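A short write-up of the structure that comes next.
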Amino acid sequence: MTRSLNTPAELYGRMRLIREFEETALRLVKSGDIVGGIHPYIGEEAVAVGVCAALADDDLITSTHRGHGHVLAKGADPARMLAELAGRTTGLNAGRGGSMHAADVGLGILGANAIVGAAAPIAAGAAWASQRARSGRVVVTFFGDGGLNQGVLLETMNLASLWKLPVIFVCENNGYATTMPISTGLAGSAVARAQGFGIPGETVDGMDAVDIRSAAAAAVERARAGAGPSFLECLTYRFGPHHTMEQRIRLSYRPAEEVERWRLRDPLVIQAARITPQEREEADARAAAILAAAREFALASPHPDPADALDYLYASGMRGRGGEG
Amino acid sequence: MTRSLNTPAELYGRMRLIREFEETALRLVKSGDIVGGIHPYIGEEAVAVGVCAALADDDLITSTHRGHGHVLAKGADPARMLAELAGRTTGLNAGRGGSMHAADVGLGILGANAIVGAAAPIAAGAAWASQRARSGRVVVTFFGDGGLNQGVLLETMNLASLWKLPVIFVCENNGYATTMPISTGLAGSAVARAQGFGIPGETVDGMDAVDIRSAAAAAVERARAGAGPSFLECLTYRFGPHHTMEQRIRLSYRPAEEVERWRLRDPLVIQAARITPQEREEADARAAAILAAAREFALASPHPDPADALDYLYASGMRGRGGEG
Amino acid sequence: MAKLSYAKALNRALRDELTRDESVCVLGEDVGAGMAQLTLGLQAQFGPGRVMDTPISEQAFTSLATGAALCGMRPVIEFQIPSLLFLVLEQIANQAHKFPLMTGGQVAVPVTYVVPGSGSREGWAGQHSDHPYSIYAHVGVTTVVPAMPSDAYGLLVSAIRSDDPTVVFAPAGAMGVREDVTRDLVPVPIGRARIHRAGTDVTCVAVGHLVHEALAAAGELAGEVSVEVFDPRTVYPFDWPALADSLERTGRLVVMDDSNRSCGLAGEVLASAAEGMRLIAPPARVTRPDGSVLPFALGLDRAVQPARAALVSAIRSVMK
Amino acid sequence: MAKLSYAKALNRALRDELTRDESVCVLGEDVGAGMAQLTLGLQAQFGPGRVMDTPISEQAFTSLATGAALCGMRPVIEFQIPSLLFLVLEQIANQAHKFPLMTGGQVAVPVTYVVPGSGSREGWAGQHSDHPYSIYAHVGVTTVVPAMPSDAYGLLVSAIRSDDPTVVFAPAGAMGVREDVTRDLVPVPIGRARIHRAGTDVTCVAVGHLVHEALAAAGELAGEVSVEVFDPRTVYPFDWPALADSLERTGRLVVMDDSNRSCGLAGEVLASAAEGMRLIAPPARVTRPDGSVLPFALGLDRAVQPARAALVSAIRSVMK
Ligand SMILES: Cc1ncc(C[n+]2csc(CCOP(=O)(O)OP(=O)(O)O)c2C)c(N)n1
Ligand SMILES: Cc1ncc(C[n+]2csc(CCOP(=O)(O)OP(=O)(O)O)c2C)c(N)n1
Ligand SMILES: [Mg+2]
Ligand SMILES: [Mg+2]
């Protein structure tokens, strides 16, 4: 997998990789190889890829419960990522984190986070460290429209704005927080809310990776110049369920026509139109090959030993008492 | 003490009462009769009185750590309030709450609250109950400029706006959160922040009770009409310390000239100019007499019996185990 | 009567209370859709004014419920994840719980907090697998952890009717349990334990879904050790008299508790027994390890939870 | 050397670490002014970039410290009120504490949280008088509660140098204590208890400011009962081997702990002793009552806190 995300074909290729990853993961959820299910990112790939295309290798991100796309867009190895979802020792987190906690700190991926809104202040803290070290590193924090209602994220906007932290708030507005439509969940508007904290905000087409990349690039430039945080609202849609368990419990909260209408704006189709059929075929084939290999790698990797269940609990190496006897 | 706050003289009289109360309380802090100190409201009287003048008797308020003014403006008995501060059984809360928790639920005073921002959702809940009961009762939640940075208050603005709750957010912007000037604490602006949640906001002169009353009256009308919350920023100043302990530990975070400048805009002086000297003298004398009697009442009242320390702990009357043996 | 599932029992309790008392209402994320089963069908029956979907603002809506309760309502809040009970500790322990005393008895705060699916959900990893009832027992908020469908019904009803804030932890490991219900479902008094199996050698206190493990262990050991299976049902206030009674009979104690070890409920039970009840052998406990974080991989997740095998050997060890 | 006050010791520890290590920085409300004494003079010395005043956004700045720690900084956070440790439980227990395991060991989170003035401050009433260290011991975050100025110095230094998140509860009741310091101030290892007074009849475990009560009680009882005063200093991880040692000598245990009774530290100590240490008499504890809320009036506030008289009678009772 190439790290760079410069050409239209590279953008397409990374989105295709994410799509392929999610489809593979969905199959592994069904087969029982991935336990606990996932929050699929399908339909939203342009956001992760467009934003990460504007970042340098040593920039940082924080992610969400719906985090596979972000982690892969920032360059994580799909094989180790899949191994993580399958709970294997070769996983990014040695099988300790799973879908909602995948991290690769060496690549600037500070981790997905299972608590809505919780990663934003962590990103701001990384940005503060960057500012103090004058490292020029910029931090992106991804979150959903639902996350905009979580107090800690709102508090963070104030801190970031006050202290001119090099952090970019990327709101993936997919129209729903689980079953709640944004119209019943969000008073005012996302961008007005950011502006209320003195943060300039912009709404972009979340299905167009190129648009997103240019908006993100402007925000990155602002941050590197010391001008502080920006807010980006990306209008997008998840094509599938909130979480794979939805397939069991049957919820109906989105009109079928709405889903169909958004599917017509598939970000992969939009980006495919910008490259040659050959480029597209090559990218598709490459993604398929990478995921086939990733699947094999993941499923062939060892399960961790239950005796090691509390490895890494304390960074200091401290060990508490066990639970027995 | 008359309950009504209609005439200019009544507004003045209530402000004078609060001022007199605070001065009495300060003396009792010094003498050791009030333990734990207080957050004096001196300088900010116009806010509490102006806002409460726009409320009906059965409307509700929540208050803050700097709450004496709110509680008295809403009609609490100064004698029982002072007894509360002195920790006596005759206090509003039977001596269990003290300065930061004074409440008189029968008068719609849901209580001061010692945690910054914490009362706002409680007020919203009362407003929600009022909305559901179609009682027409409006709820005011007072908080400081510092409170605008507390997540739970921000979350509450969203809920109140979404659900069109009859709640009024009254921000007492006295320029400081303890030692932190608002310029270093608040990004954006108070009113823009409220607007970001779709709540109409207005900034008023917090030293002018009449101005405040008319802004509050408009907000009350809006709320009663079912049009939802409003936000009022009152620009004011505390003439004294954040808390009486400041007198011990000597902090210097406000230029002396700034304090002097604001003292020239004493809300009592502003309101006194609107009444006759005779009205003023009468009000002053009445306040002094009320507080002299209150002081006597409070200090003559019994201390609670230590054996009753955990009375009221559970509304159900449940009793846990003691701490001994 | 048919088999009643635990999840259905909770749902029925809520429905019955919504029907009985106009002041009862429900707040939470995705409660309209009934995603967590607790509220299934209730919005359709009672309308969105009484069963209300909330944005992801747990702190605000938890205290909003407090404010509504101060004004005569009896809100029930659903939390989707057990760790949200960390997030709202301020609102419950420092606000709702303290209002009656701090106001000198002017108010009551009848709010019920329900966590349908507390503890490990297998594969939900570190931030979704807590079971934090010991924290609520510590701060002194009424806390129930039903093991059986009939108790889930009866304790949720009592929680809603209680004038004090009450947390109902419904263990993920119990949500699927079914029970033959032969009598009418009735309220279960808060603070009253239940002995599921009488025994004479060892009292085994088990909490929530672990009651089923304890019953299985008692079965396994039948003939060898006579185990009394003691289900406190309410973890705060704990039914100390019933425990003292049981220990009068057995004199030996093992506790199985899905909390971290230090300052968890099992420790409290051991301490209370040690300071004032009959013990003829040192007591033992089977818990999560100190400071546990549940790792994602299933084998690790399970390794951190209290297991039946450990319980069996703890029971044997107190018999030595 | 002169008398060192507890507050001064904390201040000096922080100054020494800021001097020693560029990555140490301080965040909190009014830390510039040094209102709580902890940070007095430090902003003038190290500048507002390293000693930074924060808005009243505890949740955000607590996790901001986590993020900074992931990137190599070692933030120290001051909290003005003990109950703020309820407010940020999510950020500490569910985020900072869980990151090392959840990432499979990729990161450390070296953040120190200091509460200068935990417990009752006399007259600050219900929401400002908590002493919630047992909750942090339960979730498994390193937690220290120093009693003596030299330990306050040494444990704060060790907390800052620790690679794990660490909470320092400085009891309000100890902030005024002064100690004759004859040796250099040095780091004190986390997890190591200290015996302040040797004894042969009863081990009295006391936490924080209550160590001074225990010493006074031991003095009162001298001649009648020989009391060993055991100060854990760290409440998590607790120094179990040292306690077992002490009980080998005395065989009797009394714990004095300013936590609510249920699931508090005292219960944990009793439980751990009961399950595996030498006890020749039932142990006892003196704590706050179950579910305590400190009432405002001074006489009530004091009535809810563990008192020396109760300790003395508990010691006498375990001697019977
Ligand atoms: C604080 C918190 N509350 C509730 C949840 C449960 N939950 C997980 S995802 C989710 C919806 C998130 O919506 P949004 O932020 O729009 O992101 P999306 O799922 O649409 O990507 C909820 C409520 C949680 N993880 N954290
Ligand atoms: C959540 C919380 N954090 C910190 C404190 C300590 N504290 C009490 S008052 C105060 C300043 C409040 O400032 P502001 O809201 O502007 O009100 P003011 O004191 O100016 O009236 C602080 C930080 C608290 N009570 N609650
Ligand atoms: Mg969404
Ligand atoms: Mg202020």
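Ligands are numbered from 1 in the order shown, residues from 1 within each chain, and chains are lettered A, B, ... in the order they appear in the structure tokens.
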
* Asked: Which residues of chain D are close to chain B, meaning at most 6 Å apart when you count only C-alpha atoms, and how do they look as a PyMOL selection string?
  -> chain D and resi 30+55-57+123-124+286-290+295-297+299-300+303+314

Preceding selection exported with all heavy atoms as a compact mmCIF listing (two decimals), in the first residue's frame:
```txt
# COMPACT_ATOMS: atom_id res chain seq x y z
N ASP D 30 -7.13 28.97 38.33
CA ASP D 30 -6.49 29.89 39.26
C ASP D 30 -5.13 29.40 39.76
O ASP D 30 -4.69 29.76 40.84
CB ASP D 30 -7.42 30.17 40.45
CG ASP D 30 -8.82 30.55 39.99
OD1 ASP D 30 -8.93 31.57 39.28
OD2 ASP D 30 -9.78 29.82 40.27
N PRO D 55 -10.00 27.66 31.83
CA PRO D 55 -11.41 27.94 32.07
C PRO D 55 -12.04 26.80 32.89
O PRO D 55 -11.41 25.76 33.11
CB PRO D 55 -12.01 27.99 30.66
CG PRO D 55 -10.86 28.19 29.74
CD PRO D 55 -9.69 27.52 30.40
N ILE D 56 -13.27 26.98 33.31
CA ILE D 56 -13.95 25.99 34.15
C ILE D 56 -14.50 24.87 33.27
O ILE D 56 -15.70 24.74 33.06
CB ILE D 56 -15.06 26.67 34.98
CG1 ILE D 56 -14.50 27.93 35.66
CG2 ILE D 56 -15.59 25.71 36.04
CD1 ILE D 56 -15.53 28.72 36.44
N SER D 57 -13.58 24.08 32.75
CA SER D 57 -13.90 23.00 31.81
C SER D 57 -13.09 21.79 32.22
O SER D 57 -12.20 21.33 31.49
CB SER D 57 -13.53 23.42 30.38
OG SER D 57 -14.17 24.62 30.00
N GLY D 123 -17.67 23.70 56.85
CA GLY D 123 -18.55 24.78 56.43
C GLY D 123 -18.67 24.95 54.93
O GLY D 123 -19.25 25.90 54.45
N TRP D 124 -18.09 24.02 54.17
CA TRP D 124 -18.25 24.12 52.72
C TRP D 124 -19.39 23.23 52.22
O TRP D 124 -19.68 23.19 51.03
CB TRP D 124 -16.93 23.83 52.00
CG TRP D 124 -15.99 25.00 52.10
CD1 TRP D 124 -15.30 25.39 53.22
CD2 TRP D 124 -15.65 25.94 51.09
NE1 TRP D 124 -14.55 26.51 52.95
CE2 TRP D 124 -14.75 26.87 51.65
CE3 TRP D 124 -16.03 26.10 49.75
CZ2 TRP D 124 -14.22 27.93 50.92
CZ3 TRP D 124 -15.50 27.15 49.02
CH2 TRP D 124 -14.61 28.07 49.61
N VAL D 286 -13.77 2.50 61.47
CA VAL D 286 -14.41 3.77 61.79
C VAL D 286 -14.37 4.59 60.51
O VAL D 286 -13.30 4.88 59.98
CB VAL D 286 -13.65 4.50 62.92
CG1 VAL D 286 -14.32 5.83 63.23
CG2 VAL D 286 -13.57 3.63 64.16
N THR D 287 -15.55 4.93 60.00
CA THR D 287 -15.65 5.54 58.68
C THR D 287 -16.72 6.64 58.71
O THR D 287 -17.31 6.90 59.75
CB THR D 287 -16.10 4.49 57.64
OG1 THR D 287 -17.42 4.05 57.99
CG2 THR D 287 -15.17 3.29 57.59
N ARG D 288 -16.96 7.24 57.56
CA ARG D 288 -18.20 7.99 57.43
C ARG D 288 -19.35 6.98 57.34
O ARG D 288 -19.15 5.85 56.90
CB ARG D 288 -18.20 8.83 56.14
CG ARG D 288 -17.19 9.96 56.13
CD ARG D 288 -17.43 10.88 54.93
NE ARG D 288 -16.38 11.88 54.82
CZ ARG D 288 -16.40 12.91 53.98
NH1 ARG D 288 -17.43 13.06 53.15
NH2 ARG D 288 -15.41 13.78 53.95
N PRO D 289 -20.55 7.39 57.70
CA PRO D 289 -21.68 6.46 57.54
C PRO D 289 -21.94 6.14 56.06
O PRO D 289 -21.43 6.81 55.16
CB PRO D 289 -22.86 7.25 58.13
CG PRO D 289 -22.24 8.29 59.01
CD PRO D 289 -20.93 8.63 58.37
N ASP D 290 -22.74 5.14 55.85
CA ASP D 290 -23.19 4.80 54.50
C ASP D 290 -23.81 6.01 53.80
O ASP D 290 -24.66 6.70 54.37
CB ASP D 290 -24.30 3.73 54.60
CG ASP D 290 -23.76 2.32 54.65
OD1 ASP D 290 -22.55 2.13 54.40
OD2 ASP D 290 -24.54 1.40 54.95
N PRO D 295 -23.57 17.56 56.05
CA PRO D 295 -24.46 18.71 56.24
C PRO D 295 -23.62 19.95 56.51
O PRO D 295 -22.47 19.85 56.94
CB PRO D 295 -25.27 18.33 57.48
CG PRO D 295 -24.91 16.91 57.81
CD PRO D 295 -23.58 16.65 57.19
N PHE D 296 -24.21 21.12 56.27
CA PHE D 296 -23.46 22.35 56.42
C PHE D 296 -23.08 22.69 57.86
O PHE D 296 -21.92 22.95 58.16
CB PHE D 296 -24.26 23.51 55.81
CG PHE D 296 -23.73 24.85 56.20
CD1 PHE D 296 -22.49 25.28 55.74
CD2 PHE D 296 -24.46 25.69 57.04
CE1 PHE D 296 -21.98 26.53 56.11
CE2 PHE D 296 -23.95 26.93 57.41
CZ PHE D 296 -22.72 27.35 56.95
N ALA D 297 -24.05 22.67 58.76
CA ALA D 297 -23.79 23.15 60.13
C ALA D 297 -22.59 22.40 60.72
O ALA D 297 -22.49 21.18 60.60
CB ALA D 297 -25.03 22.96 61.00
N GLY D 299 -21.47 21.42 63.55
CA GLY D 299 -21.63 20.29 64.46
C GLY D 299 -22.07 19.04 63.72
O GLY D 299 -21.68 17.91 64.07
N LEU D 300 -22.86 19.23 62.68
CA LEU D 300 -23.32 18.07 61.88
C LEU D 300 -22.20 17.57 60.98
O LEU D 300 -22.01 16.36 60.83
CB LEU D 300 -24.53 18.48 61.04
CG LEU D 300 -25.71 19.13 61.76
CD1 LEU D 300 -26.86 19.36 60.78
CD2 LEU D 300 -26.17 18.28 62.93
N ALA D 303 -20.02 15.55 62.95
CA ALA D 303 -20.65 14.31 63.43
C ALA D 303 -20.59 13.21 62.37
O ALA D 303 -20.64 12.03 62.70
CB ALA D 303 -22.09 14.57 63.82
N ALA D 314 -13.28 1.73 69.30
CA ALA D 314 -13.11 0.57 68.40
C ALA D 314 -11.86 -0.21 68.79
O ALA D 314 -11.85 -1.45 68.78
CB ALA D 314 -13.02 1.04 66.95
```

Can you check which parts of chain B lie within 12 Å of chain A? Per residue, the shortest pair of atoms and distance in Å to one decimal, counting only C-alpha atoms, sorted by chain and number, as a Markdown table.
```
| residue | atom | partner | partner_atom | distance |
| --- | --- | --- | --- | --- |
| B:Gly117 | CA | A:Gly151 | CA | 11.3 |
| B:Gly146 | CA | A:Glu155 | CA | 11.6 |
| B:Gly147 | CA | A:Glu155 | CA | 10.8 |
| B:Leu148 | CA | A:Glu155 | CA | 9.0 |
| B:Asn149 | CA | A:Glu155 | CA | 5.9 |
| B:Gln150 | CA | A:Glu155 | CA | 6.5 |
| B:Gly151 | CA | A:Gly151 | CA | 3.7 |
| B:Val152 | CA | A:Gly151 | CA | 5.5 |
| B:Leu153 | CA | A:Gly151 | CA | 7.9 |
| B:Leu154 | CA | A:Gly151 | CA | 6.3 |
| B:Glu155 | CA | A:Gly151 | CA | 5.5 |
| B:Thr156 | CA | A:Gly151 | CA | 9.0 |
| B:Met157 | CA | A:Ala187 | CA | 8.6 |
| B:Asn158 | CA | A:Ala187 | CA | 5.5 |
| B:Leu159 | CA | A:Ala187 | CA | 7.7 |
| B:Ala160 | CA | A:Ala187 | CA | 8.8 |
| B:Ser161 | CA | A:Ala187 | CA | 6.0 |
| B:Leu162 | CA | A:Ala187 | CA | 5.3 |
| B:Trp163 | CA | A:Thr184 | CA | 8.9 |
| B:Lys164 | CA | A:Ala187 | CA | 10.0 |
| B:Ile182 | CA | A:Leu162 | CA | 10.8 |
| B:Ser183 | CA | A:Leu162 | CA | 8.9 |
| B:Thr184 | CA | A:Leu162 | CA | 7.0 |
| B:Gly185 | CA | A:Leu162 | CA | 7.2 |
| B:Leu186 | CA | A:Asn158 | CA | 6.8 |
| B:Ala187 | CA | A:Phe197 | CA | 5.2 |
| B:Gly188 | CA | A:Gly198 | CA | 4.0 |
| B:Ser189 | CA | A:Gly196 | CA | 6.6 |
| B:Ala190 | CA | A:Gly196 | CA | 7.9 |
| B:Val191 | CA | A:Gly196 | CA | 7.9 |
| B:Ala192 | CA | A:Gly196 | CA | 4.6 |
| B:Arg193 | CA | A:Gly196 | CA | 4.0 |
| B:Ala194 | CA | A:Gly196 | CA | 7.3 |
| B:Gln195 | CA | A:Gly196 | CA | 7.1 |
| B:Gly196 | CA | A:Arg193 | CA | 4.0 |
| B:Phe197 | CA | A:Gly188 | CA | 4.4 |
| B:Gly198 | CA | A:Gly188 | CA | 4.0 |
| B:Ile199 | CA | A:Gly188 | CA | 7.7 |
| B:Pro200 | CA | A:Gly188 | CA | 10.4 |
| B:Gly201 | CA | A:Gly196 | CA | 11.8 |
| B:Gly228 | CA | A:Ala187 | CA | 11.7 |
| B:Pro229 | CA | A:Ala187 | CA | 11.7 |
```

Would you export the selected residues with C-alpha atoms as a PDB file, in the first residue's frame, please?
```
ATOM      1  CA  GLY B 117     -22.970  25.044  35.536  1.00  0.00           C
ATOM      2  CA  GLY B 146     -17.243  31.068  33.960  1.00  0.00           C
ATOM      3  CA  GLY B 147     -20.226  28.750  33.831  1.00  0.00           C
ATOM      4  CA  LEU B 148     -20.406  29.232  30.080  1.00  0.00           C
ATOM      5  CA  ASN B 149     -17.438  26.878  29.767  1.00  0.00           C
ATOM      6  CA  GLN B 150     -18.979  23.973  31.624  1.00  0.00           C
ATOM      7  CA  GLY B 151     -20.045  21.176  29.296  1.00  0.00           C
ATOM      8  CA  VAL B 152     -23.285  20.316  30.995  1.00  0.00           C
ATOM      9  CA  LEU B 153     -24.539  23.874  30.620  1.00  0.00           C
ATOM     10  CA  LEU B 154     -23.723  23.837  26.916  1.00  0.00           C
ATOM     11  CA  GLU B 155     -25.474  20.508  26.478  1.00  0.00           C
ATOM     12  CA  THR B 156     -28.454  22.008  28.243  1.00  0.00           C
ATOM     13  CA  MET B 157     -28.681  24.903  25.803  1.00  0.00           C
ATOM     14  CA  ASN B 158     -29.109  22.395  23.017  1.00  0.00           C
ATOM     15  CA  LEU B 159     -31.846  20.472  24.807  1.00  0.00           C
ATOM     16  CA  ALA B 160     -33.694  23.625  25.815  1.00  0.00           C
ATOM     17  CA  SER B 161     -33.563  24.996  22.305  1.00  0.00           C
ATOM     18  CA  LEU B 162     -34.608  21.730  20.646  1.00  0.00           C
ATOM     19  CA  TRP B 163     -37.508  21.165  22.980  1.00  0.00           C
ATOM     20  CA  LYS B 164     -38.513  24.832  23.246  1.00  0.00           C
ATOM     21  CA  ILE B 182     -13.237  36.602  30.687  1.00  0.00           C
ATOM     22  CA  SER B 183     -10.941  37.649  27.870  1.00  0.00           C
ATOM     23  CA  THR B 184      -8.684  34.693  28.627  1.00  0.00           C
ATOM     24  CA  GLY B 185     -11.517  32.327  29.479  1.00  0.00           C
ATOM     25  CA  LEU B 186     -14.198  32.739  26.863  1.00  0.00           C
ATOM     26  CA  ALA B 187     -13.622  32.293  23.152  1.00  0.00           C
ATOM     27  CA  GLY B 188     -16.213  33.827  20.849  1.00  0.00           C
ATOM     28  CA  SER B 189     -18.853  35.665  22.822  1.00  0.00           C
ATOM     29  CA  ALA B 190     -21.557  34.695  25.265  1.00  0.00           C
ATOM     30  CA  VAL B 191     -24.375  35.722  22.984  1.00  0.00           C
ATOM     31  CA  ALA B 192     -22.862  34.107  19.895  1.00  0.00           C
ATOM     32  CA  ARG B 193     -22.500  30.931  21.843  1.00  0.00           C
ATOM     33  CA  ALA B 194     -26.189  30.887  22.711  1.00  0.00           C
ATOM     34  CA  GLN B 195     -27.057  31.697  19.127  1.00  0.00           C
ATOM     35  CA  GLY B 196     -24.968  28.740  18.018  1.00  0.00           C
ATOM     36  CA  PHE B 197     -27.555  26.638  19.807  1.00  0.00           C
ATOM     37  CA  GLY B 198     -30.393  28.517  18.164  1.00  0.00           C
ATOM     38  CA  ILE B 199     -31.180  30.529  21.279  1.00  0.00           C
ATOM     39  CA  PRO B 200     -31.777  34.252  20.819  1.00  0.00           C
ATOM     40  CA  GLY B 201     -29.484  36.261  23.041  1.00  0.00           C
ATOM     41  CA  GLY B 228     -38.608  28.499  23.863  1.00  0.00           C
ATOM     42  CA  PRO B 229     -35.544  29.654  25.715  1.00  0.00           C
TER      43      PRO B 229
END
```

* To do: Give the helix (DSSP H, G or I) residues of range 207-291 of chain C, as DSSP finds them on the backbone, and put them as a VMD selection string.
  => chain C and resid 210 to 221 240 to 250 265 to 276

* Asked: Which residue out of C:Glu220, C:Asp231, C:Glu275, C:Glu90 has the minimum interatomic distance to ligand 2 when only C-alpha atoms and all ligand atoms are used?
  -> C:Glu90

* Asked: So, counting only C-alpha atoms, which residue among D:Ser158, D:Ser5, D:Ser317, D:Gln45 is closest to chain C?
  ->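 Under the stated criterion, the closest residue is D:Ser317.
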
* **From D:Gly191, D:Pro146, D:Gly208, D:Gly140, residue lying nearest chain C [only C-alpha atoms]** => D:Gly140

* Asked: So what do you get for CA of Thr24 in chain A versus CA of Ala285 in chain A, distance-wise?
  ->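 Atom-to-atom, CA of Thr24 in chain A and CA of Ala285 in chain A are spaced 14.3 Å apart.
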
* Test item: residues at most 9 Å from Pro116 in chain C, only C-alpha atoms, excluding those fewer than 2 positions along its chain, as a ChimeraX atom specification -> /C:7,10,36-38,78-82,114,118,168-172,175

* Asked: Using only C-alpha atoms, which residues sit within 8 Å of Ala218 in chain D once same-chain residues fewer than 6 positions away are excluded, as number ranges by chain?
  -> D: 225-229

Atoms kept (N, CA, C and O atoms) for selection, written as a PDB file, in the first residue's frame:
```pdb
ATOM      1  N   VAL D 225      -3.260  -0.094  75.792  1.00  0.00           N
ATOM      2  CA  VAL D 225      -3.180  -0.916  74.574  1.00  0.00           C
ATOM      3  C   VAL D 225      -1.974  -0.445  73.773  1.00  0.00           C
ATOM      4  O   VAL D 225      -1.760   0.754  73.635  1.00  0.00           O
ATOM      5  N   SER D 226      -1.222  -1.378  73.222  1.00  0.00           N
ATOM      6  CA  SER D 226      -0.078  -0.999  72.389  1.00  0.00           C
ATOM      7  C   SER D 226      -0.527  -0.981  70.924  1.00  0.00           C
ATOM      8  O   SER D 226      -0.786  -2.016  70.321  1.00  0.00           O
ATOM      9  N   VAL D 227      -0.649   0.229  70.391  1.00  0.00           N
ATOM     10  CA  VAL D 227      -1.234   0.405  69.064  1.00  0.00           C
ATOM     11  C   VAL D 227      -0.152   0.679  68.027  1.00  0.00           C
ATOM     12  O   VAL D 227       0.684   1.562  68.206  1.00  0.00           O
ATOM     13  N   GLU D 228      -0.165  -0.085  66.956  1.00  0.00           N
ATOM     14  CA  GLU D 228       0.731   0.181  65.827  1.00  0.00           C
ATOM     15  C   GLU D 228      -0.021   1.066  64.838  1.00  0.00           C
ATOM     16  O   GLU D 228      -1.115   0.704  64.387  1.00  0.00           O
ATOM     17  N   VAL D 229       0.540   2.216  64.513  1.00  0.00           N
ATOM     18  CA  VAL D 229      -0.145   3.124  63.587  1.00  0.00           C
ATOM     19  C   VAL D 229       0.435   2.948  62.191  1.00  0.00           C
ATOM     20  O   VAL D 229       1.611   3.228  61.943  1.00  0.00           O
TER      21      VAL D 229
END
```

* **Point-to-point distance from CA of Gly75 in chain B to CA of Gln127 in chain D, Å rounded to tenths** =>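 So the two atoms, CA of Gly75 in chain B and CA of Gln127 in chain D, lie 24.6 Å apart.
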
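With atom 11 (C, counted along the ligand's line) of ligand 1 on one side and CA of Asn174 in chain A on the other, the separation reads 10.4 Å.
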
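Interface residues of chain D facing chain C, defined by any atom at most 6 Å away and using only C-alpha atoms, are D:Phe86, D:Leu87, D:Leu89, D:Glu90, D:His138, D:Val139, D:Gly140, D:Ser262, D:Cys263, D:Gly264, D:Leu265, D:Gly267, D:Glu268, D:Leu270, D:Ala271, D:Ala274, D:Glu275, D:Pro282, D:Pro283, D:Ala284, D:Gly291.
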
* **Among listed residues B:Val29, B:Leu299, B:Leu92, B:Cys234, nearest ligand 4 (using only C-alpha atoms and all ligand atoms)** =>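 For ligand 4, the nearest of the candidates is B:Cys234.
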
* To do: Pull the strand (DSSP E or B) assignments for range 75-256 of chain A out of DSSP run on the backbone, and list those residues as JSON, numbers by chain.
  => {"A": [104, 109, 139, 140, 141, 142, 143, 144, 167, 168, 169, 170, 171, 172, 173, 176, 177, 180, 181, 201, 202, 203, 204, 205, 230, 231, 232, 233, 234, 235]}

* To do: List the neighbours of Glu213 in chain D out to 10 Å using only C-alpha atoms; skip same-chain residues closer than 6 positions along the sequence, and give me the result as a count of residues only.
  => 10

* Skip Gly154 in chain D itself and residues of its chain fewer than 2 positions away, then list as a ChimeraX atom specification all residues within 12 Å of it, counting only C-alpha atoms. => /D:6,9-14,16-17,144-152,156-161,168,184-190,192,233-234

* Asked: Counting only C-alpha atoms, what is within 12 Å of Ala218 in chain A, bar same-chain residues fewer than 3 positions away, as a PyMOL selection string?
  -> chain A and resi 51+54-55+168+200-202+211-215+221-225+227-232

* **From D:Thr182, D:Ser313, D:Ser246, D:Ser120, residue lying nearest Leu4 in chain D [only C-alpha atoms]** => D:Thr182
